[in-house]
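Chemist: Just so it is clear, I am handing over data.cif, which has mmCIF, C-alpha atoms.
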```
data_target
loop_
_atom_site.label_atom_id
_atom_site.label_comp_id
_atom_site.auth_asym_id
_atom_site.auth_seq_id
_atom_site.Cartn_x
_atom_site.Cartn_y
_atom_site.Cartn_z
CA MET A 8 -9.18 17.05 -22.32
CA GLU A 9 -8.23 14.64 -25.08
CA ARG A 10 -9.69 11.18 -24.55
CA TYR A 11 -7.80 8.32 -26.17
CA ASP A 12 -9.42 5.16 -27.50
CA ILE A 13 -6.90 2.86 -25.84
CA ALA A 14 -4.21 3.51 -23.25
CA ILE A 15 -1.51 0.84 -23.31
CA ILE A 16 0.70 0.62 -20.25
CA GLY A 17 4.06 -1.04 -20.85
CA THR A 18 6.59 -1.19 -23.68
CA GLY A 19 7.75 -4.81 -23.56
CA PRO A 20 6.75 -7.25 -26.33
CA ALA A 21 3.12 -7.34 -25.11
CA GLY A 22 2.64 -3.56 -25.02
CA VAL A 23 4.47 -2.98 -28.31
CA SER A 24 2.50 -5.72 -30.06
CA ALA A 25 -0.77 -4.32 -28.68
CA ALA A 26 0.18 -0.81 -29.85
CA LEU A 27 1.02 -1.98 -33.39
CA THR A 28 -2.25 -3.89 -33.71
CA ALA A 29 -4.37 -1.09 -32.21
CA LYS A 30 -2.75 1.45 -34.54
CA ASN A 31 -3.47 -0.86 -37.47
CA ARG A 32 -7.11 -0.76 -36.43
CA ASN A 33 -7.06 3.02 -36.55
CA LYS A 34 -7.47 3.50 -32.83
CA ARG A 35 -6.17 6.60 -31.11
CA ILE A 36 -3.67 5.19 -28.68
CA LEU A 37 -1.59 6.39 -25.76
CA LEU A 38 1.45 4.15 -25.27
CA LEU A 39 2.99 4.61 -21.85
CA GLY A 40 6.42 3.26 -21.05
CA SER A 41 10.03 3.90 -21.82
CA ARG A 42 12.20 4.51 -24.93
CA GLN A 43 14.43 1.86 -23.33
CA MET A 44 11.43 -0.44 -23.97
CA SER A 45 11.72 -3.16 -21.34
CA GLU A 46 14.48 -3.94 -18.90
CA LYS A 47 13.83 -7.64 -19.29
CA VAL A 48 14.19 -7.47 -23.08
CA GLU A 49 17.18 -5.11 -22.93
CA LYS A 50 19.06 -7.47 -20.62
CA ALA A 51 18.33 -10.68 -22.53
CA HIS A 52 21.57 -12.13 -23.85
CA GLU A 53 20.13 -14.00 -26.78
CA ILE A 54 16.61 -15.07 -27.69
CA ARG A 55 16.43 -18.25 -29.75
CA ASN A 56 12.70 -18.76 -30.21
CA TYR A 57 11.40 -15.44 -31.54
CA PRO A 58 10.14 -16.37 -35.03
CA GLY A 59 11.79 -14.39 -37.80
CA LEU A 60 14.54 -13.02 -35.60
CA PRO A 61 16.95 -15.92 -35.09
CA PHE A 62 19.40 -15.58 -32.17
CA VAL A 63 18.38 -12.00 -31.64
CA LYS A 64 20.11 -10.17 -28.79
CA GLY A 65 17.87 -8.40 -26.31
CA GLU A 66 19.17 -4.97 -27.20
CA GLU A 67 18.65 -5.70 -30.92
CA LEU A 68 15.07 -6.73 -30.26
CA ALA A 69 14.48 -3.54 -28.26
CA ALA A 70 15.97 -1.49 -31.12
CA ALA A 71 13.72 -3.32 -33.61
CA PHE A 72 10.68 -2.53 -31.42
CA ARG A 73 11.64 1.16 -31.35
CA ASP A 74 12.16 1.22 -35.10
CA GLN A 75 8.83 -0.48 -35.81
CA LEU A 76 6.95 1.93 -33.52
CA ASP A 77 8.67 4.91 -35.17
CA ARG A 78 7.75 3.68 -38.64
CA MET A 79 4.14 3.19 -37.53
CA GLU A 80 4.26 6.72 -36.05
CA ILE A 81 3.52 5.53 -32.55
CA GLU A 82 4.94 7.74 -29.85
CA ILE A 83 6.05 6.51 -26.44
CA THR A 84 4.94 8.68 -23.54
CA GLU A 85 7.50 8.28 -20.76
CA LYS A 86 5.32 8.54 -17.68
CA ARG A 87 4.88 6.29 -14.67
CA ILE A 88 1.24 5.44 -14.03
CA GLY A 89 0.30 5.45 -10.35
CA ALA A 90 -3.30 4.29 -10.70
CA VAL A 91 -6.04 3.59 -13.22
CA TYR A 92 -9.56 4.55 -12.13
CA ALA A 93 -12.70 3.07 -13.71
CA MET A 94 -14.93 6.14 -13.93
CA GLY A 95 -17.92 4.49 -15.61
CA ASP A 96 -17.66 5.00 -19.38
CA TYR A 97 -13.98 5.93 -19.34
CA PHE A 98 -10.74 5.43 -17.40
CA ALA A 99 -8.64 8.11 -15.72
CA LEU A 100 -4.92 7.38 -15.52
CA GLN A 101 -2.94 9.06 -12.80
CA ALA A 102 0.37 10.10 -14.35
CA GLY A 103 2.00 12.41 -11.83
CA GLU A 104 0.06 15.67 -11.92
CA GLU A 105 -1.66 14.76 -15.17
CA MET A 106 -4.78 12.64 -15.64
CA PRO A 107 -5.03 11.41 -19.24
CA GLU A 108 -8.28 9.61 -20.11
CA ALA A 109 -9.01 6.59 -22.29
CA LYS A 110 -12.07 4.54 -23.24
CA ALA A 111 -10.16 1.25 -22.83
CA VAL A 112 -6.94 0.20 -21.10
CA ILE A 113 -4.44 -2.55 -21.89
CA LEU A 114 -2.16 -3.56 -19.03
CA ALA A 115 1.23 -4.82 -20.22
CA THR A 116 3.38 -3.82 -17.29
CA GLY A 117 5.18 -7.11 -16.76
CA VAL A 118 5.08 -8.98 -13.51
CA ALA A 119 5.85 -7.38 -10.19
CA SER A 120 8.44 -9.56 -8.53
CA ALA A 121 7.87 -8.21 -5.03
CA LYS A 122 5.83 -10.54 -2.87
CA THR A 123 3.57 -9.03 -0.25
CA LEU A 124 4.26 -9.68 3.43
CA PRO A 125 1.92 -11.97 5.34
CA GLY A 126 -0.86 -9.82 6.79
CA GLU A 127 -0.13 -6.90 4.48
CA GLU A 128 -3.07 -7.26 2.14
CA ALA A 129 -5.55 -8.12 4.87
CA LEU A 130 -4.66 -4.93 6.75
CA LEU A 131 -4.50 -2.67 3.70
CA GLY A 132 -6.58 0.40 4.48
CA ARG A 133 -6.95 -0.83 8.04
CA GLY A 134 -3.56 0.27 9.28
CA VAL A 135 -1.40 -0.62 6.29
CA SER A 136 -0.88 2.00 3.58
CA TYR A 137 1.11 2.10 0.33
CA CYS A 138 1.30 5.87 0.08
CA ALA A 139 2.89 8.00 2.78
CA THR A 140 2.22 11.31 1.09
CA CYS A 141 -1.44 10.26 0.68
CA ASP A 142 -2.24 9.01 4.16
CA ALA A 143 0.34 10.78 6.37
CA PRO A 144 -2.10 13.42 7.68
CA LEU A 145 -4.20 10.62 9.22
CA TYR A 146 -1.26 9.77 11.47
CA ARG A 147 -0.52 13.25 12.77
CA GLY A 148 1.06 12.98 16.22
CA ARG A 149 1.01 9.17 16.08
CA THR A 150 3.52 6.38 15.42
CA ALA A 151 4.36 5.14 11.92
CA ALA A 152 6.47 2.20 10.78
CA VAL A 153 7.89 2.37 7.26
CA ILE A 154 9.12 -0.66 5.32
CA GLY A 155 11.17 0.80 2.46
CA TYR A 156 12.29 -1.38 -0.45
CA SER A 157 14.53 1.21 -2.12
CA PRO A 158 16.41 4.41 -1.16
CA ARG A 159 13.81 6.27 -3.20
CA GLU A 160 11.33 5.72 -0.34
CA GLU A 161 13.46 7.61 2.18
CA SER A 162 11.90 10.94 1.21
CA GLU A 163 8.49 9.52 2.16
CA ALA A 164 9.82 8.47 5.57
CA ALA A 165 11.34 11.94 6.03
CA PHE A 166 7.98 13.48 5.15
CA LEU A 167 6.22 11.26 7.68
CA SER A 168 8.69 12.31 10.39
CA GLU A 169 7.46 15.90 10.00
CA VAL A 170 3.91 14.81 10.77
CA CYS A 171 4.17 11.80 13.09
CA SER A 172 5.45 11.79 16.65
CA ARG A 173 7.58 8.72 15.95
CA VAL A 174 8.79 7.03 12.77
CA MET A 175 10.52 3.64 12.56
CA TYR A 176 12.24 2.80 9.28
CA PHE A 177 12.96 -0.75 8.11
CA PRO A 178 15.33 -0.57 5.10
CA MET A 179 14.99 -3.63 2.86
CA TYR A 180 18.28 -2.84 1.07
CA PRO A 181 21.90 -2.76 2.28
CA GLU A 182 23.04 0.84 1.70
CA GLY A 183 22.29 3.99 3.72
CA PRO A 184 19.72 5.04 4.64
CA VAL A 185 19.96 8.83 4.71
CA LEU A 186 17.20 10.08 6.99
CA PRO A 187 16.47 12.82 9.53
CA ASP A 188 17.81 12.00 13.04
CA LYS A 189 14.26 11.72 14.33
CA VAL A 190 13.67 8.56 12.28
CA GLU A 191 14.66 5.34 14.06
CA VAL A 192 16.36 2.98 11.64
CA ILE A 193 15.73 -0.67 12.46
CA ARG A 194 17.94 -3.11 10.57
CA GLU A 195 15.73 -6.15 10.97
CA LYS A 196 13.80 -7.99 8.30
CA PRO A 197 10.02 -7.76 8.69
CA ALA A 198 8.48 -11.22 8.48
CA GLU A 199 4.84 -10.22 8.78
CA ILE A 200 2.39 -7.53 9.78
CA LEU A 201 0.09 -8.51 12.62
CA LYS A 202 -3.02 -6.87 13.92
CA THR A 203 -2.69 -6.61 17.69
CA GLU A 204 -4.37 -4.64 20.45
CA ASP A 205 -1.57 -2.08 20.11
CA GLY A 206 -2.36 -1.56 16.43
CA PRO A 207 -0.71 -2.95 13.31
CA THR A 208 2.58 -4.49 14.36
CA VAL A 209 5.71 -5.19 12.34
CA VAL A 210 7.09 -8.55 13.37
CA THR A 211 10.77 -9.42 12.84
CA ALA A 212 12.82 -12.37 14.03
CA ALA A 213 14.14 -10.16 16.84
CA GLY A 214 11.04 -8.33 18.01
CA LYS A 215 7.62 -6.78 17.62
CA TYR A 216 7.11 -3.14 16.65
CA PRO A 217 3.58 -1.85 17.16
CA ALA A 218 2.54 1.33 15.34
CA ASP A 219 -0.61 3.24 14.44
CA GLY A 220 0.17 2.92 10.76
CA VAL A 221 2.50 0.70 8.71
CA PHE A 222 3.64 2.05 5.35
CA VAL A 223 4.92 -0.53 2.86
CA LEU A 224 6.74 1.29 0.08
CA ARG A 225 8.08 -0.60 -2.91
CA GLU A 226 8.80 0.24 -6.53
CA ALA A 227 6.66 -2.44 -8.13
CA VAL A 228 2.97 -1.68 -7.97
CA ALA A 229 0.78 -4.75 -7.58
CA PRO A 230 -1.90 -4.99 -10.31
CA ALA A 231 -4.83 -4.71 -7.88
CA GLN A 232 -3.25 -1.57 -6.48
CA LEU A 233 -2.65 -0.13 -9.96
CA VAL A 234 -6.26 -0.73 -11.00
CA PRO A 235 -8.65 -0.68 -8.01
CA GLY A 236 -11.29 -3.37 -8.41
CA LEU A 237 -9.19 -5.58 -10.69
CA GLU A 238 -9.44 -9.30 -10.00
CA THR A 239 -6.04 -10.89 -9.49
CA ASP A 240 -4.49 -14.21 -8.62
CA GLY A 241 -1.40 -13.41 -6.58
CA ALA A 242 0.89 -11.25 -8.71
CA HIS A 243 -1.09 -12.01 -11.88
CA VAL A 244 -4.21 -10.52 -13.42
CA LYS A 245 -7.05 -12.93 -14.17
CA VAL A 246 -7.91 -12.95 -17.88
CA ASN A 247 -9.84 -15.13 -20.30
CA ARG A 248 -8.71 -16.19 -23.77
CA ARG A 249 -9.71 -12.80 -25.16
CA MET A 250 -7.41 -11.18 -22.58
CA GLU A 251 -10.42 -9.57 -20.88
CA THR A 252 -10.20 -8.88 -17.15
CA ASN A 253 -13.15 -8.70 -14.74
CA LEU A 254 -13.46 -4.96 -15.48
CA PRO A 255 -15.17 -4.23 -18.82
CA GLY A 256 -12.76 -2.19 -20.95
CA VAL A 257 -9.62 -3.37 -19.16
CA PHE A 258 -7.44 -5.97 -20.88
CA ALA A 259 -4.13 -7.50 -19.83
CA CYS A 260 -1.32 -9.24 -21.73
CA GLY A 261 2.21 -10.48 -21.29
CA ASP A 262 3.92 -11.61 -18.09
CA ILE A 263 1.28 -9.86 -15.96
CA THR A 264 -1.25 -12.56 -16.96
CA GLY A 265 0.97 -15.41 -15.76
CA THR A 266 3.50 -17.97 -16.87
CA PRO A 267 5.16 -18.96 -19.17
CA TYR A 268 7.14 -15.72 -19.14
CA GLN A 269 8.08 -15.89 -22.81
CA TYR A 270 8.64 -12.98 -25.23
CA VAL A 271 6.67 -14.67 -27.99
CA LYS A 272 3.74 -15.46 -25.71
CA ALA A 273 3.70 -11.82 -24.57
CA ALA A 274 3.69 -10.53 -28.15
CA GLY A 275 0.86 -12.92 -29.06
CA GLU A 276 -1.24 -11.87 -26.10
CA GLY A 277 -0.65 -8.19 -26.91
CA ASN A 278 -2.11 -8.82 -30.33
CA VAL A 279 -5.18 -10.54 -28.86
CA ALA A 280 -5.66 -7.81 -26.24
CA ALA A 281 -5.61 -5.07 -28.89
CA ILE A 282 -8.11 -6.90 -31.10
CA SER A 283 -10.40 -7.44 -28.10
CA ALA A 284 -10.08 -3.80 -27.06
CA ALA A 285 -10.89 -2.64 -30.60
CA ALA A 286 -13.93 -4.93 -30.68
CA TYR A 287 -15.03 -3.59 -27.28
CA LEU A 288 -14.82 0.00 -28.56
CA ASP A 289 -16.72 -0.86 -31.75
CA ARG A 290 -19.49 -2.57 -29.75
CA ARG A 291 -19.75 0.49 -27.56
CA GLU A 292 -20.01 2.82 -30.56
CA ASN A 293 -22.73 0.66 -32.12
CA ARG A 294 -24.75 0.74 -28.91
CA LYS A 295 -24.67 4.54 -28.87
CA GLU A 296 -26.02 4.88 -32.43
CA MET B 24 -26.87 13.91 -4.14
CA VAL B 25 -23.95 13.54 -1.77
CA LYS B 26 -24.29 16.11 1.01
CA LYS B 27 -21.16 17.57 2.60
CA ILE B 28 -21.60 17.61 6.37
CA ASN B 29 -19.63 18.51 9.48
CA GLY B 30 -19.47 16.72 12.83
CA GLN B 31 -22.70 18.19 14.22
CA GLU B 32 -24.68 17.53 11.05
CA PHE B 33 -23.37 13.97 11.18
CA ALA B 34 -25.26 13.34 14.42
CA ALA B 35 -28.36 15.20 13.22
CA GLU B 36 -28.58 13.73 9.73
CA ALA B 37 -26.37 10.70 9.00
CA MET B 38 -27.18 9.04 12.33
CA LYS B 39 -30.91 9.63 11.79
CA ALA B 40 -31.10 8.16 8.29
CA PRO B 41 -32.39 4.56 8.00
CA VAL B 42 -29.41 3.79 5.74
CA ALA B 43 -26.53 6.19 5.21
CA VAL B 44 -23.28 5.95 3.28
CA VAL B 45 -20.68 8.38 4.59
CA ASP B 46 -17.67 9.15 2.39
CA PHE B 47 -14.71 10.07 4.61
CA ASN B 48 -12.29 11.93 2.37
CA ALA B 49 -9.64 14.63 2.26
CA THR B 50 -8.77 17.43 -0.12
CA TRP B 51 -5.18 16.14 -0.49
CA CYS B 52 -6.22 12.62 -1.49
CA GLY B 53 -6.19 11.78 -5.21
CA PRO B 54 -8.38 8.65 -5.10
CA CYS B 55 -10.97 10.64 -3.08
CA ARG B 56 -11.32 13.15 -5.92
CA MET B 57 -11.88 10.28 -8.37
CA LEU B 58 -14.40 8.54 -6.12
CA ALA B 59 -16.55 11.67 -5.57
CA PRO B 60 -18.19 11.76 -9.06
CA VAL B 61 -18.70 7.96 -9.00
CA LEU B 62 -20.47 8.26 -5.64
CA GLU B 63 -22.55 11.18 -6.91
CA ASP B 64 -23.80 8.90 -9.74
CA ILE B 65 -24.56 6.09 -7.32
CA SER B 66 -26.46 8.41 -4.97
CA GLU B 67 -28.93 9.23 -7.78
CA LYS B 68 -29.70 5.52 -8.19
CA TYR B 69 -30.50 5.08 -4.50
CA GLU B 70 -32.54 8.25 -4.08
CA GLY B 71 -35.16 7.76 -1.38
CA LYS B 72 -33.48 4.54 -0.17
CA VAL B 73 -29.98 5.48 0.96
CA SER B 74 -28.71 8.90 2.09
CA PHE B 75 -25.20 9.90 1.02
CA PHE B 76 -22.89 12.19 2.96
CA SER B 77 -19.35 13.44 2.64
CA VAL B 78 -17.06 14.21 5.57
CA ASP B 79 -13.66 15.93 5.30
CA VAL B 80 -11.44 14.08 7.80
CA ASP B 81 -9.37 17.22 8.42
CA GLU B 82 -12.49 19.14 9.44
CA ALA B 83 -13.82 16.26 11.57
CA PRO B 84 -10.81 14.35 12.97
CA GLY B 85 -12.86 13.10 15.92
CA LEU B 86 -15.38 11.39 13.64
CA ALA B 87 -12.59 9.86 11.55
CA MET B 88 -11.00 8.49 14.72
CA GLN B 89 -14.33 7.20 16.05
CA TYR B 90 -15.03 5.24 12.86
CA ARG B 91 -11.39 4.06 12.62
CA VAL B 92 -10.73 5.70 9.30
CA ASN B 93 -7.10 4.71 8.69
CA SER B 94 -7.02 5.37 4.99
CA VAL B 95 -9.02 7.63 2.71
CA PRO B 96 -11.30 7.43 0.88
CA CYS B 97 -13.29 5.28 3.30
CA LEU B 98 -17.01 4.67 2.95
CA VAL B 99 -18.86 3.90 6.17
CA LEU B 100 -22.33 2.41 5.91
CA LEU B 101 -24.69 3.12 8.80
CA LYS B 102 -28.02 1.49 9.51
CA ASN B 103 -30.18 3.52 11.86
CA GLY B 104 -27.06 5.26 13.07
CA GLU B 105 -25.21 2.03 13.82
CA PHE B 106 -21.99 1.09 12.02
CA ALA B 107 -22.75 -1.74 9.57
CA ASP B 108 -19.85 -1.97 7.13
CA GLN B 109 -16.96 -0.10 5.53
CA SER B 110 -15.29 0.01 2.12
CA VAL B 111 -11.77 1.34 1.79
CA GLY B 112 -10.23 2.96 -1.27
CA PHE B 113 -11.49 3.69 -4.76
CA ARG B 114 -13.74 1.02 -6.26
CA PRO B 115 -15.58 0.99 -9.59
CA GLU B 116 -19.31 1.71 -9.53
CA PRO B 117 -20.62 -1.86 -10.09
CA GLN B 118 -18.57 -3.10 -7.11
CA LEU B 119 -19.80 -0.29 -4.89
CA THR B 120 -23.45 -0.83 -5.79
CA ALA B 121 -22.99 -4.56 -5.12
CA TRP B 122 -21.50 -3.64 -1.75
CA ILE B 123 -24.44 -1.35 -0.89
CA ASP B 124 -26.98 -3.93 -2.12
CA SER B 125 -25.41 -6.65 0.03
CA ASN B 126 -26.00 -4.39 3.03
CA LEU B 127 -29.61 -3.67 2.09
CA LYS B 128 -30.64 -7.33 2.23
#
```
For this file, write the structure as structure tokens.

Modeler:
Amino acid sequence: MERYDIAIIGTGPAGVSAALTAKNRNKRILLLGSRQMSEKVEKAHEIRNYPGLPFVKGEELAAAFRDQLDRMEIEITEKRIGAVYAMGDYFALQAGEEMPEAKAVILATGVASAKTLPGEEALLGRGVSYCATCDAPLYRGRTAAVIGYSPREESEAAFLSEVCSRVMYFPMYPEGPVLPDKVEVIREKPAEILKTEDGPTVVTAAGKYPADGVFVLREAVAPAQLVPGLETDGAHVKVNRRMETNLPGVFACGDITGTPYQYVKAAGEGNVAAISAAAYLDRRENRKE
Amino acid sequence: MVKKINGQEFAAEAMKAPVAVVDFNATWCGPCRMLAPVLEDISEKYEGKVSFFSVDVDEAPGLAMQYRVNSVPCLVLLKNGEFADQSVGFRPEPQLTAWIDSNLK
């Protein structure tokens, strides 16, 4: 399989800036994201402090990003990355059925707005799971509670209902849900997940719902979940001034590293991250010789 | 080397080892497949000190239940057959070796 020098995840100002700089340094890059670039950029009404582009509209900035990438012959690979695994001297990126590999990774995914529930992280892997299709077989014939943040998660709850004896579903959105009859829909807002003698328990204002497993399914993937072993500070990835994370070969830039959430700051950090990643790769090459 | 074992071999081998790391995994689990080669590497470094085993939770559901494996991959560290610690999910090699070392002290 082809192994890239740098995989860049995200196509906002940070990811685009990192891609341009890495390409300039003759690195073989894999840019993962969307031709729409970034929802946050696309939706910006007007940006007044982006140097050189006075009063630029978000959609104009996104179009300019696309144009600049095209002219630099940088392709965008439209794949959602489920996880990044540090395999030793390379990284494996889980992109659906495919597993592209890279020697370094730049995280520019933006900031996940979803906050975790109290108790969720402490019980992760000890009764709380983020992946129904992954862990469902462990709960065969047992009780599962599913906290679903979007209708997209309903298929996972339906899948669980084929395996588990009982499935409770807590929709965190107003519409639907469309689920098999066997699934009990509970329209109450989970406030926390508690560890009790009866197993992990979903606590709402109205009651307590013990289960054998609690599945928390949301669109935004927290950074520590995206890259196992990554050191984070809440929703943000810890970096130094060189945009290095605690994992050698993994860099982060843009909103994911913390406030201020500014387009210009993101672009600047993307530039630094790419230069650091290039230097990391060069050091590695020199060591081998 | 990481040795694949079943429930009976678990009692005969993993429980008898002074220090054993048992990788509870499943064929359908993506992170398990990624962890396997990392663990294989680690096992070479601890040769003669720590024994490494692999258990398929679908083949040994009783063992998985007994060690409260709620998510895979799950590494269970045994000292003289007694449960000492567990590590859940994929983790990079330096973090896993640090975890094993902290249990060897």

Chemist: What lies within 6 Å of region 14-16 of chain A using all atoms listed in the file, ignoring chain neighbours under 6 positions off, as a ChimeraX atom specification?

Modeler: /A:36-39,109,112-116

Chemist: Please identify all polymer residues within 7 Å of Ala49 (chain B), counting only C-alpha atoms, omitting same-chain residues fewer than 2 positions from it, and present them as a ChimeraX atom specification.

Modeler: /B:51-52,55,79-81

Chemist: Using only C-alpha atoms, which residue out of B:Ala83, B:Leu101, B:Leu58, B:Ala107 lies closest to chain A?

Modeler: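 For chain A, the nearest of the given residues is B:Leu58.
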
Chemist: Would you kindly return, as a ChimeraX atom specification, each protein, DNA or RNA residue with an atom no farther than 8 Å from any atom of Ser110 (chain B), considering all atoms listed in the file and excluding same-chain residues fewer than 2 positions away?

Modeler: /B:97-99,108,112

Chemist: Selection in question (the file shown): the PyMOL selection byres ((chain A and resi 158-163) around 7). Which residues does it include, as a short mmCIF file (atom, residue, chain, number, x, y, z; two decimals) with C-alpha atoms, in the frame of the given file?

Modeler:
```
data_model
loop_
_atom_site.label_atom_id
_atom_site.label_comp_id
_atom_site.auth_asym_id
_atom_site.auth_seq_id
_atom_site.Cartn_x
_atom_site.Cartn_y
_atom_site.Cartn_z
CA ALA A 139 2.89 8.00 2.78
CA THR A 140 2.22 11.31 1.09
CA GLY A 155 11.17 0.80 2.46
CA SER A 157 14.53 1.21 -2.12
CA ALA A 164 9.82 8.47 5.57
CA ALA A 165 11.34 11.94 6.03
CA PHE A 166 7.98 13.48 5.15
CA LEU A 167 6.22 11.26 7.68
CA PRO A 184 19.72 5.04 4.64
CA LEU A 186 17.20 10.08 6.99
CA LEU A 224 6.74 1.29 0.08
#
```

Chemist: List as a ChimeraX atom specification: which residues have an atom within 12 Å of (-17.7, -2.7, -6.4), counting all atoms listed in the file?

Modeler: /A:93-95,235-238,253-254 /B:58,61-62,65,98,110-125

Chemist: Figure out the distance between CA of Ile88 (chain A) and CA of Pro197 (chain A), please, to one decimal in Å.

Modeler: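 Those two atoms sit 27.7 Å apart.
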